[in-house]
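Structure file entry_16.txt with compact mmCIF, C-alpha atoms:
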```
# COMPACT_ATOMS: atom_id res chain seq x y z
CA MET Y 1 17.19 -70.93 33.99
CA ALA Y 2 16.58 -68.08 31.59
CA THR Y 3 13.36 -68.66 29.66
CA PRO Y 4 12.45 -67.58 26.14
CA GLU Y 5 9.78 -65.33 27.62
CA HIS Y 6 12.42 -63.56 29.73
CA SER Y 7 14.67 -63.03 26.71
CA TYR Y 8 11.62 -61.97 24.72
CA ASN Y 9 10.72 -59.28 27.27
CA LEU Y 10 14.28 -58.01 27.31
CA LEU Y 11 14.23 -57.61 23.55
CA VAL Y 12 10.87 -55.85 23.70
CA ASP Y 13 12.26 -53.29 26.16
CA GLU Y 14 15.35 -52.76 24.05
CA ALA Y 15 13.60 -52.48 20.70
CA ASN Y 16 11.13 -49.94 22.05
CA ASN Y 17 14.01 -47.48 22.34
CA GLN Y 18 13.51 -47.05 18.56
CA LEU Y 19 17.17 -46.96 17.53
CA LYS Y 20 17.88 -47.56 13.86
CA GLY Y 21 21.57 -47.97 13.08
CA GLN Y 22 24.86 -49.55 14.04
CA THR Y 23 28.33 -48.53 15.16
CA LYS Y 24 31.30 -47.89 13.02
CA ALA Y 25 34.29 -48.74 15.21
CA VAL Y 26 36.98 -50.78 13.51
CA MET Y 27 39.67 -52.68 15.39
CA PRO Y 28 43.19 -53.33 14.11
CA GLU Y 29 43.52 -56.53 12.14
CA ASN Y 30 46.08 -58.38 14.24
CA ALA Y 31 44.98 -60.06 17.43
CA LEU Y 32 47.97 -58.60 19.29
CA MET Y 33 47.53 -54.83 19.17
CA LYS Y 34 50.16 -52.29 20.03
CA HIS Y 35 49.46 -49.90 22.87
CA GLU Y 36 48.81 -46.94 20.57
CA ASP Y 37 46.50 -49.08 18.39
CA ARG Y 38 44.34 -50.02 21.38
CA LYS Y 39 44.14 -46.39 22.47
CA ASP Y 40 43.07 -45.28 19.00
CA PHE Y 41 40.46 -48.04 18.87
CA ALA Y 42 39.03 -46.96 22.22
CA GLN Y 43 38.76 -43.38 20.97
CA VAL Y 44 36.97 -44.52 17.81
CA GLN Y 45 34.49 -46.58 19.80
CA ASP Y 46 33.83 -43.67 22.13
CA SER Y 47 33.08 -41.28 19.27
CA ASP Y 48 29.48 -40.73 18.20
CA GLU Y 49 30.37 -39.11 14.86
CA LEU Y 50 30.20 -41.07 11.65
CA PRO Y 51 32.68 -40.61 8.80
CA ASP Y 52 31.58 -38.77 5.69
CA ARG Y 53 33.20 -41.36 3.43
CA PRO Y 54 32.10 -45.02 3.35
CA PRO Y 55 33.49 -46.75 6.46
CA PRO Y 56 36.14 -49.47 5.98
CA CYS Y 57 36.01 -53.17 6.75
CA GLY Y 58 32.43 -53.60 5.62
CA MET Y 59 30.82 -51.51 8.33
CA SER Y 60 27.57 -49.99 7.18
CA SER Y 61 27.31 -46.23 6.72
CA THR Y 62 23.81 -46.30 8.23
CA LYS Y 63 23.60 -43.62 10.89
CA CYS Y 64 22.17 -44.11 14.37
CA ILE Y 65 18.77 -42.45 14.27
CA LEU Y 66 16.34 -42.11 17.14
CA SER Y 67 12.84 -41.61 15.76
CA ASP Y 68 10.96 -38.58 17.03
CA GLU Y 69 7.66 -40.29 16.32
CA VAL Y 70 5.80 -42.04 19.07
CA THR Y 71 5.83 -45.73 18.20
CA PRO Y 72 3.37 -48.08 19.89
CA LYS Y 73 5.21 -50.27 22.39
CA THR Y 74 3.84 -53.55 21.18
CA GLU Y 75 5.61 -56.87 21.34
CA GLY Y 76 4.85 -57.57 17.69
CA TRP Y 77 6.46 -54.34 16.57
CA ALA Y 78 9.51 -54.95 18.77
CA MET Y 79 10.13 -58.42 17.35
CA GLU Y 80 9.57 -57.27 13.76
CA TRP Y 81 11.96 -54.38 14.24
CA HIS Y 82 14.66 -56.53 15.85
CA LYS Y 83 14.69 -59.30 13.25
CA HIS Y 84 14.71 -56.90 10.29
CA GLN Y 85 17.48 -54.88 11.88
CA MET Y 86 19.55 -58.07 12.29
CA ALA Y 87 18.97 -59.02 8.66
CA ALA Y 88 19.71 -55.51 7.38
CA ILE Y 89 23.00 -55.04 9.22
CA SER Y 90 24.15 -58.52 8.15
CA SER Y 91 23.29 -57.93 4.49
CA GLU Y 92 24.84 -54.46 4.38
CA THR Y 93 28.06 -55.63 5.98
CA PHE Y 94 28.37 -58.58 3.60
CA ASP Y 95 27.81 -56.33 0.57
CA SER Y 96 30.41 -53.85 1.80
CA LEU Y 97 33.00 -56.55 2.47
CA LEU Y 98 32.50 -58.09 -0.97
CA LYS Y 99 32.88 -54.82 -2.90
CA THR Y 100 36.56 -55.57 -3.51
CA SER Y 101 35.96 -59.30 -4.10
CA PRO Y 102 32.66 -59.57 -6.01
CA GLU Y 103 33.61 -63.00 -7.35
CA TYR Y 104 32.69 -64.46 -3.93
CA SER Y 105 29.28 -62.79 -3.65
CA GLY Y 106 27.57 -66.14 -4.26
CA CYS Y 107 28.60 -67.23 -0.75
CA ARG Y 108 25.75 -65.08 0.61
CA SER Y 109 23.23 -67.94 0.41
CA ASN Y 110 24.66 -69.55 3.58
CA MET Y 111 25.64 -66.70 5.88
CA ALA Y 112 25.67 -66.23 9.65
CA THR Y 113 26.66 -63.27 11.80
CA PHE Y 114 27.07 -62.39 15.46
CA VAL Y 115 25.78 -58.99 16.55
CA ILE Y 116 26.14 -57.28 19.91
CA THR Y 117 23.70 -54.67 21.17
CA ARG Y 118 24.63 -51.90 23.60
CA LYS Y 119 22.43 -49.65 25.64
CA VAL Y 120 23.71 -46.12 25.02
CA LEU Y 121 22.53 -42.52 25.22
CA ASP Y 122 21.93 -40.39 22.16
CA ALA Y 123 22.99 -36.76 21.77
CA LYS Y 124 19.91 -35.65 23.74
CA GLY Y 125 20.59 -38.04 26.59
CA ARG Y 126 17.82 -40.48 25.68
CA PRO Y 127 18.45 -44.22 26.02
CA CYS Y 128 18.71 -46.17 22.79
CA GLU Y 129 20.11 -49.42 21.46
CA ARG Y 130 23.15 -49.68 19.19
CA TYR Y 131 23.67 -52.69 16.94
CA GLN Y 132 27.21 -53.71 16.01
CA LEU Y 133 28.12 -56.65 13.80
CA VAL Y 134 31.32 -58.23 15.16
CA ALA Y 135 31.71 -61.55 13.29
CA LEU Y 136 30.61 -63.02 9.97
CA GLY Y 137 30.89 -66.47 8.40
CA THR Y 138 29.59 -68.27 5.33
CA GLY Y 139 29.69 -71.85 4.16
CA ASN Y 140 27.77 -75.09 3.86
CA SER Y 141 30.34 -77.86 3.86
CA SER Y 142 32.81 -79.74 6.02
CA SER Y 143 36.08 -81.47 5.30
CA GLY Y 144 36.07 -85.10 4.25
CA GLU Y 145 39.82 -85.45 4.61
CA TRP Y 146 41.81 -87.76 6.84
CA LEU Y 147 42.30 -86.62 10.41
CA ARG Y 148 45.22 -84.28 11.05
CA PHE Y 149 46.50 -83.42 14.50
CA ASN Y 150 48.63 -80.34 13.81
CA GLY Y 151 45.69 -77.95 14.28
CA ARG Y 152 46.08 -76.23 10.91
CA MET Y 153 42.94 -77.50 9.17
CA VAL Y 154 39.44 -76.11 9.75
CA HIS Y 155 37.20 -79.16 9.91
CA ASP Y 156 33.74 -77.59 9.85
CA CYS Y 157 32.94 -74.73 7.44
CA HIS Y 158 29.20 -74.37 8.00
CA ALA Y 159 28.06 -70.77 8.36
CA ILE Y 160 27.23 -70.53 12.07
CA VAL Y 161 30.33 -72.54 12.99
CA ILE Y 162 32.62 -70.23 11.00
CA ALA Y 163 30.85 -67.16 12.39
CA ARG Y 164 31.35 -68.47 15.92
CA ARG Y 165 35.08 -69.08 15.33
CA ALA Y 166 35.34 -65.52 13.93
CA LEU Y 167 33.59 -64.36 17.10
CA LEU Y 168 36.33 -66.01 19.16
CA ARG Y 169 38.94 -63.85 17.42
CA PHE Y 170 36.90 -60.76 18.28
CA LEU Y 171 36.70 -61.85 21.93
CA TYR Y 172 40.48 -62.29 22.10
CA LYS Y 173 40.89 -58.75 20.76
CA GLN Y 174 38.53 -57.47 23.42
CA LEU Y 175 40.53 -59.23 26.14
CA LEU Y 176 43.68 -57.49 24.93
CA LEU Y 177 41.84 -54.20 25.37
CA PHE Y 178 40.86 -55.18 28.92
CA PHE Y 179 44.43 -56.07 29.93
CA ASP Y 180 45.87 -52.92 28.34
CA ALA Y 181 47.46 -50.43 30.71
CA ASP Y 182 45.47 -47.59 29.18
CA PRO Y 183 42.25 -47.04 31.22
CA LYS Y 184 40.43 -45.84 28.08
CA ALA Y 185 41.04 -49.17 26.35
CA LYS Y 186 39.63 -51.10 29.30
CA GLU Y 187 36.64 -48.78 29.46
CA MET Y 188 35.69 -49.53 25.85
CA CYS Y 189 36.06 -53.30 26.27
CA ILE Y 190 32.83 -55.30 26.28
CA PHE Y 191 33.95 -57.17 29.43
CA GLU Y 192 34.20 -56.17 33.06
CA SER Y 193 35.45 -57.74 36.28
CA SER Y 194 33.10 -59.92 38.30
CA ALA Y 195 32.68 -59.52 42.03
CA ASP Y 196 32.23 -63.24 42.68
CA SER Y 197 34.62 -64.79 40.15
CA HIS Y 198 38.12 -64.36 38.75
CA GLN Y 199 36.58 -64.68 35.28
CA LEU Y 200 35.41 -61.62 33.40
CA GLN Y 201 31.78 -61.14 32.48
CA LEU Y 202 29.91 -59.36 29.71
CA LYS Y 203 28.88 -55.85 30.69
CA SER Y 204 25.26 -55.60 31.79
CA ASN Y 205 24.30 -53.28 28.92
CA ILE Y 206 25.55 -55.66 26.21
CA ARG Y 207 23.85 -58.72 24.72
CA LEU Y 208 24.81 -61.18 22.00
CA HIS Y 209 22.58 -62.18 19.07
CA LEU Y 210 22.97 -64.61 16.16
CA TYR Y 211 21.64 -64.24 12.61
CA ALA Y 212 21.57 -66.97 9.94
CA ASN Y 213 19.92 -66.52 6.55
CA SER Y 214 19.31 -70.28 6.34
CA PRO Y 215 18.52 -72.78 9.12
CA PRO Y 216 21.42 -74.81 10.56
CA ALA Y 217 21.89 -78.34 9.31
CA MET Y 218 19.77 -80.90 11.16
CA ASN Y 219 18.02 -84.22 10.67
CA THR Y 220 14.36 -84.54 11.59
CA TRP Y 221 13.71 -87.97 10.06
CA THR Y 222 15.25 -89.91 12.91
CA PRO Y 223 14.76 -89.83 16.70
CA MET Y 224 18.52 -90.14 17.17
CA LYS Y 225 19.74 -87.15 19.17
CA LEU Y 226 23.32 -86.61 18.01
CA HIS Y 227 24.25 -86.20 14.34
CA CYS Y 228 27.50 -85.46 12.58
CA HIS Y 229 28.91 -84.70 9.13
CA ALA Y 230 31.05 -87.53 7.80
CA LYS Y 231 32.13 -88.11 4.20
CA SER Y 232 29.78 -85.34 2.98
CA LEU Y 233 26.75 -86.86 4.72
CA LEU Y 234 24.80 -85.87 7.82
CA LEU Y 235 24.22 -89.08 9.77
CA PRO Y 236 23.28 -90.15 13.28
CA VAL Y 237 26.40 -90.90 15.28
CA ALA Y 238 25.05 -94.37 16.06
CA TYR Y 239 25.17 -95.25 12.36
CA LEU Y 240 28.85 -94.47 11.89
CA ASP Y 241 31.41 -97.23 11.67
CA PRO Y 242 34.19 -96.89 14.29
CA SER Y 243 36.78 -96.96 11.51
CA ILE Y 244 35.36 -93.67 10.18
CA TRP Y 245 35.50 -92.06 13.61
CA ALA Y 246 39.12 -93.11 14.00
CA ALA Y 247 40.44 -91.94 10.63
CA ARG Y 248 38.12 -89.40 8.98
CA VAL Y 249 37.04 -85.91 9.94
CA CYS Y 250 33.63 -86.08 11.66
CA CYS Y 251 31.91 -82.85 12.70
CA MET Y 252 28.94 -82.44 15.00
CA SER Y 253 25.93 -80.95 13.19
CA ALA Y 254 25.36 -77.21 13.45
CA SER Y 255 22.05 -77.67 15.27
CA ASP Y 256 23.74 -79.92 17.84
CA LYS Y 257 26.48 -77.34 18.36
CA LEU Y 258 23.81 -74.69 18.82
CA CYS Y 259 22.26 -76.91 21.47
CA LEU Y 260 25.65 -77.21 23.18
CA TRP Y 261 26.10 -73.44 23.25
CA THR Y 262 22.83 -73.00 25.18
CA VAL Y 263 24.57 -74.67 28.13
CA ALA Y 264 28.33 -74.27 27.71
CA GLY Y 265 28.27 -70.85 26.03
CA VAL Y 266 29.96 -69.83 22.79
CA GLN Y 267 33.34 -68.93 24.30
CA GLY Y 268 34.84 -72.44 24.23
CA ALA Y 269 37.35 -74.11 26.53
CA LEU Y 270 40.33 -71.79 26.08
CA LEU Y 271 38.42 -68.56 26.61
CA SER Y 272 36.77 -70.06 29.68
CA HIS Y 273 40.07 -69.44 31.45
CA PHE Y 274 39.26 -65.72 31.22
CA LEU Y 275 35.50 -65.46 30.68
CA GLN Y 276 32.29 -66.60 32.26
CA PRO Y 277 29.91 -68.42 29.88
CA LEU Y 278 28.75 -66.16 27.06
CA TYR Y 279 25.22 -67.00 25.93
CA ILE Y 280 23.18 -66.09 22.86
CA THR Y 281 20.04 -64.06 23.61
CA SER Y 282 18.23 -64.45 20.29
CA MET Y 283 18.66 -66.07 16.89
CA VAL Y 284 17.06 -64.74 13.71
CA ILE Y 285 16.70 -67.30 10.91
CA GLY Y 286 16.15 -66.12 7.35
CA ASN Y 287 13.50 -68.63 6.38
CA GLN Y 288 9.79 -68.27 5.79
CA THR Y 289 9.10 -71.88 6.70
CA ASN Y 290 8.67 -73.28 10.19
CA SER Y 291 12.29 -74.40 10.37
CA ASP Y 292 12.98 -72.01 13.21
CA GLY Y 293 10.43 -73.93 15.26
CA GLU Y 294 12.17 -77.21 14.45
CA VAL Y 295 15.52 -75.76 15.47
CA CYS Y 296 13.97 -74.48 18.68
CA ASP Y 297 12.50 -77.90 19.47
CA ILE Y 298 15.81 -79.65 18.82
CA SER Y 299 17.76 -77.24 21.02
CA LYS Y 300 15.35 -77.90 23.90
CA LYS Y 301 14.45 -81.59 23.62
CA GLN Y 302 17.98 -82.89 23.20
CA LEU Y 303 18.87 -81.93 26.75
CA ASP Y 304 17.57 -83.85 29.72
CA ASP Y 305 16.30 -81.34 32.26
CA SER Y 306 17.24 -83.68 35.10
CA LEU Y 307 20.91 -83.29 34.14
CA LEU Y 308 20.78 -79.50 34.24
CA GLU Y 309 20.75 -79.61 38.04
CA LEU Y 310 24.22 -81.14 37.94
CA LEU Y 311 25.73 -78.22 36.03
CA PRO Y 312 28.47 -76.49 38.03
CA PRO Y 313 28.14 -72.71 38.34
CA PRO Y 314 28.30 -70.44 36.45
CA PHE Y 315 26.91 -72.73 33.72
CA LYS Y 316 23.16 -72.85 33.15
CA LYS Y 317 20.58 -73.58 30.46
CA GLN Y 318 20.01 -70.41 28.44
CA ASP Y 319 17.09 -70.83 26.07
CA ILE Y 320 17.41 -68.86 22.83
CA LEU Y 321 14.59 -66.75 21.43
CA PHE Y 322 14.09 -67.91 17.80
CA LEU Y 323 12.65 -65.60 15.14
CA HIS Y 324 12.39 -65.90 11.37
CA CYS Y 325 12.39 -63.40 8.51
CA ASN Y 326 12.66 -63.41 4.72
CA TYR Y 327 14.59 -66.21 3.03
CA VAL Y 328 17.53 -65.54 0.67
CA ASP Y 329 17.02 -67.48 -2.58
CA LEU Y 330 19.79 -69.58 -4.07
CA THR Y 331 21.31 -68.50 -7.38
CA ASP Y 332 23.46 -70.27 -9.94
CA GLU Y 333 26.47 -68.36 -8.66
CA ALA Y 334 25.69 -69.50 -5.12
CA LEU Y 335 25.64 -73.12 -6.23
CA ARG Y 336 29.05 -72.73 -7.87
CA HIS Y 337 30.46 -71.38 -4.60
CA SER Y 338 28.81 -73.91 -2.31
CA HIS Y 339 32.20 -75.33 -1.26
CA LEU Y 340 33.68 -71.94 -0.31
CA SER Y 341 33.60 -70.34 3.14
CA ILE Y 342 34.22 -66.70 4.08
CA ASN Y 343 35.18 -65.40 7.52
CA TRP Y 344 35.68 -61.93 8.97
CA CYS Y 345 35.56 -60.24 12.36
CA LEU Y 346 35.55 -56.60 13.43
CA GLY Y 347 39.03 -55.22 12.83
CA ASP Y 348 40.03 -57.43 9.90
CA LYS Y 349 41.07 -55.53 6.79
CA ASP Y 350 40.01 -58.28 4.40
CA ILE Y 351 37.87 -61.37 4.25
CA GLU Y 352 39.48 -64.80 4.27
CA VAL Y 353 38.18 -67.47 1.88
CA LEU Y 354 38.49 -71.18 2.66
CA ASP Y 355 37.77 -74.32 0.69
CA GLY Y 356 35.30 -76.06 2.96
CA THR Y 357 36.14 -79.49 1.56
CA THR Y 358 39.82 -79.20 2.50
CA GLY Y 359 39.78 -76.74 5.39
CA PHE Y 360 42.53 -74.51 3.95
CA ILE Y 361 42.70 -71.08 2.33
CA VAL Y 362 41.97 -70.98 -1.39
CA GLU Y 363 44.35 -69.44 -3.88
CA GLY Y 364 43.46 -65.81 -4.45
CA SER Y 365 41.93 -65.23 -1.02
CA PRO Y 366 42.11 -61.50 -0.13
CA SER Y 367 43.68 -62.39 3.23
CA LEU Y 368 46.54 -64.87 3.59
CA SER Y 369 47.45 -65.21 7.24
CA GLY Y 370 49.11 -68.53 7.98
CA PRO Y 371 51.93 -70.86 6.97
CA GLY Y 372 50.95 -73.54 4.51
CA SER Y 373 47.65 -71.79 3.71
CA SER Y 374 46.28 -72.45 7.20
CA SER Y 375 43.37 -70.27 8.29
CA ARG Y 376 43.33 -67.61 10.97
CA LEU Y 377 40.45 -69.63 12.45
CA CYS Y 378 42.30 -72.94 12.79
CA LYS Y 379 43.07 -74.35 16.23
CA ARG Y 380 46.74 -73.49 15.94
CA ALA Y 381 45.92 -69.83 15.30
CA LEU Y 382 43.34 -69.67 18.10
CA TYR Y 383 45.89 -71.09 20.51
CA SER Y 384 48.37 -68.38 19.50
CA TYR Y 385 45.72 -65.75 20.34
CA PHE Y 386 45.16 -67.47 23.68
CA PHE Y 387 48.88 -67.35 24.43
CA GLN Y 388 49.01 -63.63 23.60
CA VAL Y 389 46.10 -62.86 25.92
CA ALA Y 390 47.58 -65.01 28.71
CA THR Y 391 50.87 -63.13 28.37
CA ALA Y 392 49.04 -59.80 28.49
CA GLU Y 393 47.13 -60.90 31.61
CA VAL Y 394 50.34 -61.93 33.40
CA SER Y 395 51.95 -58.61 32.51
CA ALA Y 396 48.93 -56.70 33.79
CA GLU Y 397 48.87 -58.67 37.05
CA ALA Y 398 52.61 -58.19 37.52
CA ALA Y 399 52.27 -54.44 37.04
CA HIS Y 400 49.40 -54.37 39.53
CA LEU Y 401 51.38 -56.31 42.13
CA LEU Y 402 54.38 -54.02 41.74
CA GLN Y 403 52.13 -51.02 42.17
CA CYS Y 404 50.57 -52.51 45.30
CA LYS Y 405 53.98 -53.43 46.72
CA GLY Y 406 55.23 -49.91 46.07
CA SER Y 407 52.22 -48.48 47.90
CA SER Y 408 52.75 -50.77 50.89
CA LEU Y 409 56.39 -49.67 51.19
CA ARG Y 410 55.47 -45.99 51.55
CA LEU Y 411 55.57 -44.81 55.16
CA PRO Y 412 52.90 -42.58 56.64
CA ASP Y 413 53.86 -38.93 56.92
CA SER Y 414 54.11 -39.26 60.70
CA GLN Y 415 56.86 -41.86 60.34
CA ARG Y 416 58.93 -40.25 57.59
CA SER Y 417 60.96 -38.11 60.04
CA GLY Y 418 63.84 -39.32 62.16
CA GLU Y 419 65.64 -42.60 61.49
CA ALA Y 420 62.63 -44.59 60.38
CA THR Y 421 63.54 -47.01 57.59
CA VAL Y 422 61.79 -49.73 55.65
CA SER Y 423 63.46 -53.13 55.72
CA GLU Y 424 63.42 -55.03 52.45
CA GLN Y 425 61.89 -58.48 52.54
CA PRO Y 426 64.03 -61.33 51.11
```

Could you write out this file's structure as structure tokens?
Amino acid sequence: MATPEHSYNLLVDEANNQLKGQTKAVMPENALMKHEDRKDFAQVQDSDELPDRPPPCGMSSTKCILSDEVTPKTEGWAMEWHKHQMAAISSETFDSLLKTSPEYSGCRSNMATFVITRKVLDAKGRPCERYQLVALGTGNSSSGEWLRFNGRMVHDCHAIVIARRALLRFLYKQLLLFFDADPKAKEMCIFESSADSHQLQLKSNIRLHLYANSPPAMNTWTPMKLHCHAKSLLLPVAYLDPSIWAARVCCMSASDKLCLWTVAGVQGALLSHFLQPLYITSMVIGNQTNSDGEVCDISKKQLDDSLLELLPPPFKKQDILFLHCNYVDLTDEALRHSHLSINWCLGDKDIEVLDGTTGFIVEGSPSLSGPGSSSRLCKRALYSYFFQVATAEVSAEAAHLLQCKGSSLRLPDSQRSGEATVSEQP
């Protein structure tokens, strides 16, 4: 079991590389990318030059800088640097995305992002760490509607839940890069083959981090372990009437989902067909109170350690390193937008705005991507991405088998003379 101290030490080693900056690669918007699009994306990711003009899709123009000063390698400095870097890249990306839609800037008060870090070499060949924001979500509400089973409604629009669903779209895009026939596309993918499993794994130089500028919803006034949102209230599951469970939308609390991800990973059931569990290394919470400690306690105490021994491999208990930084104050504009939810992932041209109380896209959203105002994050859309990746995987495997069969049918040079022939198998 990975301990917080282990994750802490990893972050200390990474932060001491003194990198200040983030990447600028932008993926095509659609989950299914054409071959030339994937090749162009791989070339952009491989480039170390930054554009002179402001980068698109909300990516910060902050350059990757490796300080020439000798910085003391202290754990306190490493943690301070990491959490402020997470907050800075999240804030800058949000501001850039909202430049064309300033009317939704009030959604900032409940924001969450997923950031990946890569170990890379700078121009002088020195190791450094590169931060890249890949998914963003805002919101603080959930639907109170009747249950629907067509998969077109987003039930839970709380910030870390929306950010995680946006992360899933990014992961599907990365899988399409991996199954592309172009070796450059596969090289720039964040995944690699595993020697002991048919599932792909995250490359060893990449880690996943979560930032939230407000703590996830949780209840500390009751010893009940599992809570859910139902009819605009956060209640213990034991208090809910069965009639509500059967007819109304009920969503597990964000803190309980965070607890689930420490064991099952953030990839979900569909992506588990392709990926090994993907765990969060650290979470930075934008709150000056001790709420991060409460979240940490909940994520640990809700799980019975005796049950962890029954987990089938490759699942495990991955404790998250919790840190806190400055809190973002609420404004009048934020209160007016409390029912709205924004989502975006790396490669999207525009943000998508949902009404958290209904689970559908609002009128005037910069991005309209589904029939009947359904979101690109709804279950129906995520299944379509899954189908595209599965098709790409089958095509890649078929091409590999044909290549192998062609190689096996070639005769050695010593047998190519005379009447030697190769008989075709039925």

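The interatomic distance for the pair CA of Gly359 (chain Y) and CA of Met153 (chain Y) works out to 5.0 Å.
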
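Residue nearest Ser374 (chain Y), chosen from Y:Gly151, Y:Gly137, Y:Gly106, Y:Pro242 and counting only C-alpha atoms: Y:Gly151.
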
Distance query 10 Å from (27.5, -63.2, 12.7) using all atoms listed in the file, result as number ranges by chain: Y: 86, 89-90, 111-116, 133-138, 159-167, 208-212, 343-345

I'd like the contact shell of Lys203 (chain Y) - 7 Å cut-off, all atoms listed in the file, skipping same-chain residues fewer than 3 positions apart - returned as a PyMOL selection string. chain Y and resi 190-192+206

Contact residues around Gly139 (chain Y) with all atoms listed in the file at 7 Å, ignoring same-chain residues under 2 positions, as a list in words: Cys107, Asn110, Met111, Gly137, Ser141, Cys157, His158, Ala159, Ser338, His339, Leu340, Ser341 and Ile342 of chain Y

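Minimum atom-to-atom distances from Y:Phe360, Y:Tyr104, Y:Ala181, Y:Gln318 to Ser395 (chain Y) were compared using only C-alpha atoms, and the lowest value belongs to Y:Ala181.
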
CA of His155 (chain Y) to CA of Ser143 (chain Y), straight-line distance in Å: 5.3 Å

Using only C-alpha atoms, I'd like a table of the residues in region 184-301 of chain Y that come within 9 Å of region 386-394 of chain Y; for each, show the closest atom pair and its distance in Å rounded to one decimal, ordered by chain and ascending number, as a tab-separated table.
```
residue	atom	partner	partner_atom	distance
Y:Leu270	CA	Y:Phe386	CA	6.9
Y:Leu271	CA	Y:Phe386	CA	7.4
Y:Phe274	CA	Y:Ala390	CA	8.7
```

Nearest candidate to Ala87 (chain Y) (options Y:Glu145, Y:Cys404, Y:Trp245, Y:Tyr131; using all atoms listed in the file):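 Checking each of Y:Glu145, Y:Cys404, Y:Trp245, Y:Tyr131 against Ala87 (chain Y), counting all atoms listed in the file, the winner is Y:Tyr131.
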
Please return, as a ChimeraX atom specification, all polymer residues that have at least one atom within 10 Å of the point (25.9, -70.4, 25.1); use only C-alpha atoms and the file's own coordinate frame. /Y:208,257-268,277-281,315-320

Take the residues from that selection and put them in a file with C-alpha atoms, as an mmCIF file, in the frame of the given file.
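Final output, selection17.cif:
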```
data_model
loop_
_atom_site.group_PDB
_atom_site.id
_atom_site.type_symbol
_atom_site.label_atom_id
_atom_site.label_comp_id
_atom_site.auth_asym_id
_atom_site.auth_seq_id
_atom_site.Cartn_x
_atom_site.Cartn_y
_atom_site.Cartn_z
ATOM 1 C CA LEU Y 208 24.810 -61.180 22.000
ATOM 2 C CA LYS Y 257 26.480 -77.340 18.360
ATOM 3 C CA LEU Y 258 23.810 -74.690 18.820
ATOM 4 C CA CYS Y 259 22.260 -76.910 21.470
ATOM 5 C CA LEU Y 260 25.650 -77.210 23.180
ATOM 6 C CA TRP Y 261 26.100 -73.440 23.250
ATOM 7 C CA THR Y 262 22.830 -73.000 25.180
ATOM 8 C CA VAL Y 263 24.570 -74.670 28.130
ATOM 9 C CA ALA Y 264 28.330 -74.270 27.710
ATOM 10 C CA GLY Y 265 28.270 -70.850 26.030
ATOM 11 C CA VAL Y 266 29.960 -69.830 22.790
ATOM 12 C CA GLN Y 267 33.340 -68.930 24.300
ATOM 13 C CA GLY Y 268 34.840 -72.440 24.230
ATOM 14 C CA PRO Y 277 29.910 -68.420 29.880
ATOM 15 C CA LEU Y 278 28.750 -66.160 27.060
ATOM 16 C CA TYR Y 279 25.220 -67.000 25.930
ATOM 17 C CA ILE Y 280 23.180 -66.090 22.860
ATOM 18 C CA THR Y 281 20.040 -64.060 23.610
ATOM 19 C CA PHE Y 315 26.910 -72.730 33.720
ATOM 20 C CA LYS Y 316 23.160 -72.850 33.150
ATOM 21 C CA LYS Y 317 20.580 -73.580 30.460
ATOM 22 C CA GLN Y 318 20.010 -70.410 28.440
ATOM 23 C CA ASP Y 319 17.090 -70.830 26.070
ATOM 24 C CA ILE Y 320 17.410 -68.860 22.830
#
```

Distance of CA of Ile351 (chain Y) from CA of Asp256 (chain Y), expressed in Å to one decimal place: 27.0 Å

Env of Val120 (chain Y): 8 Å cut, atoms = only C-alpha atoms, seq-sep filter 4 positions within chain, self excluded. Answer as a ChimeraX atom specification. /Y:127-130

Selection: 8 Å around Leu382 (chain Y), only C-alpha atoms, excl. self and same-chain fewer than 6 positions, as a list in words: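 What passes the distance filter is Leu168, Arg169 and Arg376 of chain Y.
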
Compare Y:Ser375, Y:Gln201, Y:Asn213, Y:Ser253 by their minimum atom-to-atom distance to Phe94 (chain Y), counting only C-alpha atoms, and give me the closest one. Y:Asn213

Can you work out which one of Y:Tyr385, Y:His273, Y:Gly144, Y:Met79 has the shortest atom-to-atom distance to Ile244 (chain Y), counting all atoms listed in the file?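 Among Y:Tyr385, Y:His273, Y:Gly144, Y:Met79, it is Y:Gly144 that comes nearest to Ile244 (chain Y).
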
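Between Cys325 (chain Y) and the candidates Y:Leu233, Y:Leu346, Y:Met283, Y:Leu354, the tightest atom-to-atom separation, counting only C-alpha atoms, involves Y:Met283.
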